[in-house]
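Raw contents of run36.cif, mmCIF, C-alpha atoms:
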```cif
data_run
loop_
_atom_site.label_atom_id
_atom_site.label_comp_id
_atom_site.auth_asym_id
_atom_site.auth_seq_id
_atom_site.Cartn_x
_atom_site.Cartn_y
_atom_site.Cartn_z
CA MET A 80 15.28 11.01 -0.89
CA VAL A 81 13.90 11.73 2.58
CA SER A 82 12.98 15.40 2.94
CA ASP A 83 13.18 17.15 6.30
CA GLU A 84 9.39 17.41 6.35
CA LEU A 85 8.90 13.67 5.71
CA TRP A 86 11.59 12.74 8.21
CA SER A 87 9.89 14.85 10.88
CA LEU A 88 6.82 12.62 10.45
CA VAL A 89 8.69 9.31 10.35
CA GLU A 90 11.28 9.80 13.11
CA PRO A 91 8.87 9.89 16.11
CA LEU A 92 7.31 6.61 14.95
CA LEU A 93 10.54 4.58 14.77
CA PRO A 94 11.23 2.17 17.64
CA GLU A 95 14.17 2.88 19.93
CA PRO A 96 17.27 0.85 18.95
CA GLY A 97 18.32 -1.86 21.37
CA PRO A 98 21.66 -1.77 23.23
CA LYS A 99 24.74 -2.64 21.22
CA LEU A 100 26.00 -6.03 22.41
CA VAL A 101 29.43 -6.01 20.78
CA GLU A 102 31.93 -3.35 19.83
CA GLY A 103 32.32 -2.51 16.18
CA ARG A 104 31.28 0.02 13.61
CA PRO A 105 28.96 2.81 14.75
CA ARG A 106 25.29 2.24 14.05
CA VAL A 107 24.05 3.52 10.69
CA PRO A 108 21.64 6.42 11.38
CA ASP A 109 17.98 5.58 10.80
CA ARG A 110 17.56 8.35 8.24
CA GLN A 111 20.36 6.93 6.08
CA ALA A 112 18.90 3.43 6.35
CA LEU A 113 15.50 4.79 5.29
CA CYS A 114 17.13 6.53 2.32
CA GLY A 115 18.69 3.21 1.30
CA THR A 116 15.34 1.44 1.58
CA LEU A 117 13.63 4.08 -0.57
CA PHE A 118 16.46 3.79 -3.11
CA VAL A 119 15.67 0.05 -3.42
CA LEU A 120 11.94 0.79 -3.66
CA HIS A 121 12.37 3.42 -6.38
CA THR A 122 15.02 1.69 -8.50
CA GLY A 123 14.29 -2.01 -7.91
CA ILE A 124 18.00 -2.66 -7.28
CA GLN A 125 18.96 -5.79 -5.36
CA TRP A 126 19.87 -5.27 -1.71
CA GLU A 127 23.44 -6.51 -2.15
CA TYR A 128 24.07 -3.95 -4.89
CA LEU A 129 22.95 -0.96 -2.85
CA PRO A 130 25.71 1.66 -3.42
CA GLN A 131 27.30 2.26 -0.02
CA GLU A 132 29.26 5.22 -1.37
CA LEU A 133 25.96 7.16 -1.24
CA GLY A 134 25.98 6.78 2.55
CA PHE A 135 23.08 4.33 2.87
CA GLY A 136 24.93 1.62 4.76
CA SER A 137 24.91 -1.98 3.56
CA GLY A 138 21.91 -3.59 1.94
CA MET A 139 21.65 -6.05 4.82
CA THR A 140 21.56 -3.21 7.33
CA CYS A 141 18.71 -1.53 5.45
CA TRP A 142 16.90 -4.86 5.08
CA ARG A 143 17.11 -5.56 8.83
CA ARG A 144 15.96 -2.05 9.65
CA LEU A 145 13.00 -2.36 7.25
CA THR A 146 12.02 -5.68 8.85
CA ALA A 147 12.12 -4.21 12.36
CA TRP A 148 10.16 -1.11 11.39
CA ASN A 149 7.53 -3.19 9.62
CA GLU A 150 7.10 -5.43 12.68
CA ALA A 151 6.66 -2.27 14.79
CA GLY A 152 3.82 -1.09 12.54
CA VAL A 153 5.61 2.11 11.51
CA TRP A 154 4.02 2.34 8.06
CA ASP A 155 0.47 1.86 9.36
CA GLU A 156 1.06 4.63 11.91
CA LEU A 157 2.58 6.95 9.30
CA HIS A 158 -0.34 6.33 6.96
CA MET A 159 -2.74 7.23 9.77
CA VAL A 160 -0.89 10.49 10.49
CA LEU A 161 -1.03 11.47 6.82
CA LEU A 162 -4.73 10.62 6.49
CA GLN A 163 -5.52 12.68 9.58
CA ARG A 164 -3.82 15.69 8.02
CA LEU A 165 -5.86 15.25 4.87
CA ARG A 166 -9.11 14.89 6.78
CA ALA A 167 -8.33 17.98 8.88
CA ALA A 168 -7.92 19.87 5.60
CA LYS A 169 -11.18 18.34 4.28
CA LYS A 170 -9.34 16.66 1.43
CA LEU A 171 -10.64 13.12 1.96
CA ASP A 172 -13.67 12.24 -0.14
CA TRP A 173 -15.76 9.83 1.95
CA SER A 174 -18.74 10.04 -0.42
CA ARG A 175 -17.36 6.99 -2.21
CA ALA A 176 -14.48 4.54 -2.12
CA VAL A 177 -13.12 2.63 -5.11
CA ILE A 178 -11.55 -0.84 -5.09
CA ASP A 179 -9.43 -2.73 -7.63
CA SER A 180 -6.46 -5.09 -7.90
CA SER A 181 -3.48 -5.74 -10.14
CA HIS A 182 -1.32 -8.80 -10.83
CA VAL A 183 2.46 -8.79 -10.41
CA ARG A 184 4.78 -11.62 -11.32
CA GLY A 185 6.61 -13.44 -8.53
CA PRO A 186 9.23 -15.69 -10.15
CA LEU A 187 11.17 -16.65 -7.00
CA GLY A 188 10.54 -19.52 -4.56
CA ALA A 189 7.38 -20.49 -2.75
CA ALA A 190 5.57 -18.11 -0.44
CA GLN A 191 2.18 -18.07 1.22
CA LYS A 192 0.91 -15.08 -0.76
CA ARG A 193 1.96 -16.27 -4.19
CA GLY A 194 0.00 -18.44 -6.59
CA PRO A 195 -0.64 -19.29 -10.26
CA SER A 196 -2.02 -16.26 -12.05
CA PRO A 197 -5.12 -16.94 -14.19
CA VAL A 198 -4.26 -13.97 -16.43
CA ASP A 199 -0.57 -14.86 -16.95
CA ARG A 200 -0.57 -18.50 -18.14
CA ALA A 201 -0.60 -19.76 -14.54
CA ARG A 202 2.83 -18.29 -13.86
CA PRO A 203 3.46 -17.66 -10.15
CA GLY A 204 2.59 -14.20 -8.95
CA SER A 205 0.77 -12.06 -6.42
CA LYS A 206 -1.98 -9.47 -6.39
CA HIS A 207 -1.94 -5.93 -5.06
CA HIS A 208 -5.39 -4.96 -3.78
CA VAL A 209 -6.06 -1.24 -3.36
CA LEU A 210 -8.93 0.74 -1.84
CA THR A 211 -8.96 4.51 -2.36
CA ASP A 212 -11.24 7.40 -1.52
CA GLY A 213 -13.06 9.32 -4.25
CA ARG A 214 -9.91 11.29 -5.09
CA GLY A 215 -7.64 8.25 -5.40
CA ILE A 216 -5.93 8.64 -2.02
CA PRO A 217 -4.96 5.15 -0.74
CA LEU A 218 -7.06 4.10 2.26
CA ALA A 219 -5.88 0.48 2.42
CA VAL A 220 -3.63 -1.91 0.48
CA SER A 221 -3.07 -5.65 0.77
CA LEU A 222 -1.18 -8.55 -0.79
CA THR A 223 -2.54 -11.98 -1.79
CA GLY A 224 -1.65 -14.82 -4.10
CA GLY A 225 -2.26 -14.28 -7.79
CA ASN A 226 -5.01 -16.93 -7.81
CA ARG A 227 -7.19 -15.25 -5.16
CA ASN A 228 -10.54 -13.93 -6.33
CA ASP A 229 -10.85 -10.15 -6.08
CA VAL A 230 -14.15 -10.23 -4.21
CA THR A 231 -12.60 -12.18 -1.30
CA GLN A 232 -10.57 -9.09 -0.41
CA LEU A 233 -13.47 -6.63 -0.44
CA LEU A 234 -14.35 -6.89 3.26
CA PRO A 235 -10.74 -7.37 4.50
CA LEU A 236 -9.72 -4.15 2.72
CA LEU A 237 -12.64 -2.26 4.22
CA ASP A 238 -11.64 -3.59 7.64
CA LYS A 239 -8.09 -2.30 7.12
CA VAL A 240 -9.24 1.30 6.65
CA PRO A 241 -8.19 3.09 9.86
CA ALA A 242 -10.53 5.25 11.89
CA VAL A 243 -9.34 8.68 10.75
CA ALA A 244 -9.72 11.60 13.14
CA GLY A 245 -8.72 15.19 12.34
CA VAL A 246 -12.01 17.04 12.77
CA VAL A 247 -14.52 17.46 15.56
CA GLY A 248 -16.66 14.35 15.98
CA ARG A 249 -16.11 10.65 15.67
CA PRO A 250 -13.20 9.29 13.61
CA ARG A 251 -14.40 8.06 10.25
CA HIS A 252 -13.48 4.83 8.47
CA ARG A 253 -16.53 3.99 6.37
CA PRO A 254 -17.37 5.48 2.94
CA ASP A 255 -20.93 6.21 1.87
CA ALA A 256 -20.63 4.05 -1.27
CA LEU A 257 -18.23 1.51 -2.75
CA LEU A 258 -17.52 1.38 -6.51
CA ALA A 259 -16.13 -1.77 -8.13
CA ASP A 260 -15.90 -3.57 -11.46
CA ARG A 261 -17.44 -6.92 -12.46
CA GLY A 262 -14.85 -8.90 -10.51
CA TYR A 263 -16.71 -7.93 -7.32
CA ASP A 264 -20.20 -8.76 -8.61
CA HIS A 265 -21.77 -10.99 -5.95
CA ASP A 266 -25.13 -10.62 -4.21
CA LYS A 267 -23.70 -11.84 -0.90
CA TYR A 268 -21.20 -8.99 -0.76
CA ARG A 269 -23.75 -6.43 -1.83
CA ARG A 270 -25.86 -7.53 1.12
CA LEU A 271 -22.91 -7.39 3.52
CA LEU A 272 -22.03 -3.88 2.34
CA ARG A 273 -25.57 -2.67 2.93
CA GLN A 274 -25.44 -4.14 6.43
CA ARG A 275 -22.42 -1.92 7.08
CA GLY A 276 -24.26 1.15 5.83
CA ILE A 277 -22.30 1.25 2.56
CA ARG A 278 -24.13 1.54 -0.77
CA PRO A 279 -22.70 -0.96 -3.30
CA VAL A 280 -22.18 0.40 -6.83
CA ILE A 281 -20.81 -2.65 -8.62
CA ALA A 282 -20.88 -3.41 -12.34
CA GLU A 283 -22.86 -6.56 -13.20
CA ARG A 284 -21.65 -9.50 -15.24
CA GLY A 285 -23.47 -10.38 -18.44
CA VAL A 286 -24.36 -6.81 -19.37
CA GLU A 287 -22.84 -4.66 -22.07
CA HIS A 288 -19.85 -2.51 -21.25
CA GLY A 289 -20.56 1.10 -20.58
CA SER A 290 -21.84 1.07 -17.01
CA GLY A 291 -20.54 4.62 -16.59
CA LEU A 292 -18.46 3.70 -13.52
CA GLY A 293 -15.21 4.39 -15.36
CA VAL A 294 -15.74 8.11 -14.82
CA PHE A 295 -15.25 7.48 -11.09
CA ARG A 296 -13.19 4.27 -11.05
CA TYR A 297 -10.23 5.67 -12.95
CA VAL A 298 -8.81 7.10 -9.72
CA VAL A 299 -7.97 3.66 -8.30
CA GLU A 300 -6.41 2.58 -11.60
CA ARG A 301 -4.29 5.73 -11.50
CA THR A 302 -3.22 4.96 -7.93
CA ILE A 303 -2.22 1.42 -8.91
CA ALA A 304 -0.16 2.92 -11.74
CA TRP A 305 1.52 5.20 -9.18
CA LEU A 306 2.27 2.16 -6.98
CA HIS A 307 3.88 0.35 -9.88
CA GLY A 308 5.88 3.47 -10.65
CA PHE A 309 8.04 2.16 -7.81
CA ARG A 310 10.10 -0.41 -9.68
CA ARG A 311 10.42 -2.78 -6.72
CA LEU A 312 6.65 -3.36 -6.86
CA ARG A 313 6.43 -4.18 -10.58
CA ILE A 314 7.79 -7.71 -10.04
CA ARG A 315 7.74 -9.45 -6.71
CA TRP A 316 11.33 -10.46 -5.96
CA GLU A 317 10.86 -10.94 -2.21
CA ARG A 318 10.47 -14.51 -0.99
CA ARG A 319 9.08 -13.23 2.31
CA ASP A 320 5.55 -11.84 2.26
CA ASP A 321 6.19 -9.31 5.02
CA ILE A 322 9.03 -7.60 3.16
CA HIS A 323 6.96 -7.10 0.01
CA GLU A 324 4.05 -5.91 2.16
CA ALA A 325 6.42 -3.42 3.80
CA PHE A 326 7.38 -2.01 0.40
CA LEU A 327 3.69 -1.84 -0.53
CA GLY A 328 2.91 0.02 2.69
CA ILE A 329 5.76 2.50 2.20
CA ALA A 330 4.65 3.20 -1.36
CA ALA A 331 1.08 3.88 -0.17
CA CYS A 332 2.47 6.30 2.43
CA LEU A 333 4.58 8.12 -0.15
CA ILE A 334 1.59 8.54 -2.48
CA THR A 335 -0.51 9.83 0.42
CA HIS A 336 2.32 12.18 1.39
CA ARG A 337 2.27 13.69 -2.10
CA HIS A 338 -1.36 14.65 -1.52
CA VAL A 339 -0.40 16.20 1.83
CA GLN A 340 2.36 18.23 0.17
CA ARG A 341 -0.19 19.78 -2.18
CA LEU A 342 -1.77 21.42 0.87
CA CYS A 343 1.40 23.43 1.54
#
```
For the structure just supplied, provide its representation as structure tokens.
Amino acid sequence: MVSDELWSLVEPLLPEPGPKLVEGRPRVPDRQALCGTLFVLHTGIQWEYLPQELGFGSGMTCWRRLTAWNEAGVWDELHMVLLQRLRAAKKLDWSRAVIDSSHVRGPLGAAQKRGPSPVDRARPGSKHHVLTDGRGIPLAVSLTGGNRNDVTQLLPLLDKVPAVAGVVGRPRHRPDALLADRGYDHDKYRRLLRQRGIRPVIAERGVEHGSGLGVFRYVVERTIAWLHGFRRLRIRWERRDDIHEAFLGIAACLITHRHVQRLC
């Protein structure tokens, strides 16, 4: 599940393991723990049922390793490396960015980024917010409660886009235009986008459907579908926000990596 090419990108970013304090079993190699984590992400299996006969190590081992790697910012760094490769190959479309969100159910316990969903009979859930370039390559993802308004995440998502180098000149992190549906229709945010040098192209409420933005906006909907192709992201089972955010970050990296592989 972890190719040699992908592992060569991930391995240098992993933090050095601390000294072993007690004698016991040898430490599970990081690559095997990453394979176990990706197995959970792809299949949606519970950690305790992770098949150890496949060489992954225990579910708790993989969970601890995922927590440590997420705290070290491994997935943000990996995403940056992948975006730099795409920009160097001139495969990032900065002429426009597209933003959207999707609800996921979250039936377990209370968490900060979980709330009653207005589109699912007020059942508890979360939202995945996604910002892509013009080709649908993920630039930033985030997690909020299911009751958060989409427009509140517009600026935070833009702020999460890393400054991507890869070519001569300044690193770039700002698209020329931002496309969004009616959920982001607000004059205040249009003004704030213009202040950042970004042209807002946002569908307006109260007008007939057929704005023509669907021709360009489908790429973010496709990317969200790719994210939810990872079964662990279809329903939020994690009580801890950071663990679900780690899965979301890994999935964004894997989708970006697919685009990098097309260059080979």
### Task
Step by step, work through what the PyMOL selection byres ((chain A and resi 139-155) around 8) selects in the shown file, and finish by giving those residues as a count of residues only.
26
### Query
When distances are computed from only C-alpha atoms, which of A:Phe326, A:Arg269, A:Asn226, A:Arg311 shows the smallest separation from Gln125 (chain A)?
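Closest candidate: A:Arg311.
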Mind dumping a table of every region 224-247 of chain A residue within 8 Å of region 161-185 of chain A, with the nearest atom pair and its distance in Å to one decimal, using only C-alpha atoms, sorted by chain and rising number, as CSV?
```
residue,atom,partner,partner_atom,distance
A:Gly225,CA,A:His182,CA,6.3
A:Asp229,CA,A:Ser180,CA,6.9
A:Leu233,CA,A:Ile178,CA,7.7
A:Val243,CA,A:Gln163,CA,5.7
A:Ala244,CA,A:Gln163,CA,5.6
A:Gly245,CA,A:Ala167,CA,4.5
A:Val246,CA,A:Ala167,CA,5.4
```
#### Entry: Residues in the PyMOL selection byres ((chain A and resi 268) around 12), expressed as number ranges by chain
A: 229-235, 237, 257, 259, 262-267, 269-275, 277-281
### Message
Calculated over all atoms listed in the file, which of the candidates A:Thr302, A:Asn228, A:Gln340, A:Ser196 has the smallest distance to Gly213 (chain A)?
### Response
A:Thr302
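The gap separating CA of Glu90 (chain A) from CA of Leu117 (chain A) is 15.0 Å, in Å to one decimal.
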### Query
What residues come out when you apply the PyMOL selection byres ((chain A and resi 205) around 10) to this file, written as a ChimeraX atom specification?
/A:181-186,190-196,202-204,206-208,222-227,314-315,320
### For CA of Ala242 (chain A) and CA of Leu210 (chain A), the interatomic separation in Å (one decimal)
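CA of Leu210 (chain A) lies 14.5 Å from CA of Ala242 (chain A).
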### Point-to-point distance in Å for CA of Asp260 (chain A) and CA of Glu283 (chain A)
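Straight-line distance from CA of Glu283 (chain A) to CA of Asp260 (chain A) works out to 7.8 Å.
Using all atoms listed in the file, the nearest neighbour of Phe118 (chain A) within the list A:Pro254, A:Gly134, A:Pro105, A:Gly248 is A:Gly134.
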Can you take the partial region 184-203 of chain A, add N, CA and C atoms, and return it as an mmCIF file, in the coordinates of the input?
```cif
data_model
loop_
_atom_site.group_PDB
_atom_site.id
_atom_site.type_symbol
_atom_site.label_atom_id
_atom_site.label_comp_id
_atom_site.auth_asym_id
_atom_site.auth_seq_id
_atom_site.Cartn_x
_atom_site.Cartn_y
_atom_site.Cartn_z
ATOM 1 N N ARG A 184 4.089 -10.337 -11.262
ATOM 2 C CA ARG A 184 4.780 -11.620 -11.320
ATOM 3 C C ARG A 184 5.627 -11.821 -10.062
ATOM 4 N N GLY A 185 5.772 -13.093 -9.677
ATOM 5 C CA GLY A 185 6.610 -13.440 -8.530
ATOM 6 C C GLY A 185 7.424 -14.670 -8.857
ATOM 7 N N PRO A 186 8.525 -14.526 -9.609
ATOM 8 C CA PRO A 186 9.230 -15.690 -10.150
ATOM 9 C C PRO A 186 10.048 -16.485 -9.146
ATOM 10 N N LEU A 187 10.310 -15.938 -7.951
ATOM 11 C CA LEU A 187 11.170 -16.650 -7.000
ATOM 12 C C LEU A 187 10.346 -17.506 -6.061
ATOM 13 N N GLY A 188 10.986 -18.572 -5.558
ATOM 14 C CA GLY A 188 10.540 -19.520 -4.560
ATOM 15 C C GLY A 188 9.106 -19.444 -4.052
ATOM 16 N N ALA A 189 8.735 -20.411 -3.283
ATOM 17 C CA ALA A 189 7.380 -20.490 -2.750
ATOM 18 C C ALA A 189 7.175 -19.494 -1.626
ATOM 19 N N ALA A 190 5.964 -19.001 -1.527
ATOM 20 C CA ALA A 190 5.570 -18.110 -0.440
ATOM 21 C C ALA A 190 4.073 -18.269 -0.245
ATOM 22 N N GLN A 191 3.601 -17.893 0.923
ATOM 23 C CA GLN A 191 2.180 -18.070 1.220
ATOM 24 C C GLN A 191 1.309 -17.220 0.310
ATOM 25 N N LYS A 192 1.730 -15.993 0.032
ATOM 26 C CA LYS A 192 0.910 -15.080 -0.760
ATOM 27 C C LYS A 192 1.447 -14.993 -2.182
ATOM 28 N N ARG A 193 1.580 -16.155 -2.794
ATOM 29 C CA ARG A 193 1.960 -16.270 -4.190
ATOM 30 C C ARG A 193 1.201 -17.449 -4.757
ATOM 31 N N GLY A 194 0.754 -17.347 -6.001
ATOM 32 C CA GLY A 194 0.000 -18.440 -6.590
ATOM 33 C C GLY A 194 -0.065 -18.299 -8.096
ATOM 34 N N PRO A 195 -0.557 -19.330 -8.792
ATOM 35 C CA PRO A 195 -0.640 -19.290 -10.260
ATOM 36 C C PRO A 195 -1.631 -18.230 -10.724
ATOM 37 N N SER A 196 -1.171 -17.348 -11.593
ATOM 38 C CA SER A 196 -2.020 -16.260 -12.050
ATOM 39 C C SER A 196 -2.912 -16.705 -13.202
ATOM 40 N N PRO A 197 -4.226 -16.533 -13.103
ATOM 41 C CA PRO A 197 -5.120 -16.940 -14.190
ATOM 42 C C PRO A 197 -5.029 -16.032 -15.415
ATOM 43 N N VAL A 198 -4.373 -14.880 -15.286
ATOM 44 C CA VAL A 198 -4.260 -13.970 -16.430
ATOM 45 C C VAL A 198 -2.844 -13.958 -17.000
ATOM 46 N N ASP A 199 -1.958 -14.841 -16.491
ATOM 47 C CA ASP A 199 -0.570 -14.860 -16.950
ATOM 48 C C ASP A 199 -0.094 -16.303 -17.125
ATOM 49 N N ARG A 200 -0.912 -17.110 -17.814
ATOM 50 C CA ARG A 200 -0.570 -18.500 -18.140
ATOM 51 C C ARG A 200 -0.167 -19.300 -16.916
ATOM 52 N N ALA A 201 -0.816 -19.041 -15.813
ATOM 53 C CA ALA A 201 -0.600 -19.760 -14.540
ATOM 54 C C ALA A 201 0.812 -19.598 -13.995
ATOM 55 N N ARG A 202 1.512 -18.562 -14.447
ATOM 56 C CA ARG A 202 2.830 -18.290 -13.860
ATOM 57 C C ARG A 202 2.652 -17.793 -12.424
ATOM 58 N N PRO A 203 3.613 -18.083 -11.554
ATOM 59 C CA PRO A 203 3.460 -17.660 -10.150
ATOM 60 C C PRO A 203 3.483 -16.146 -10.035
#
```
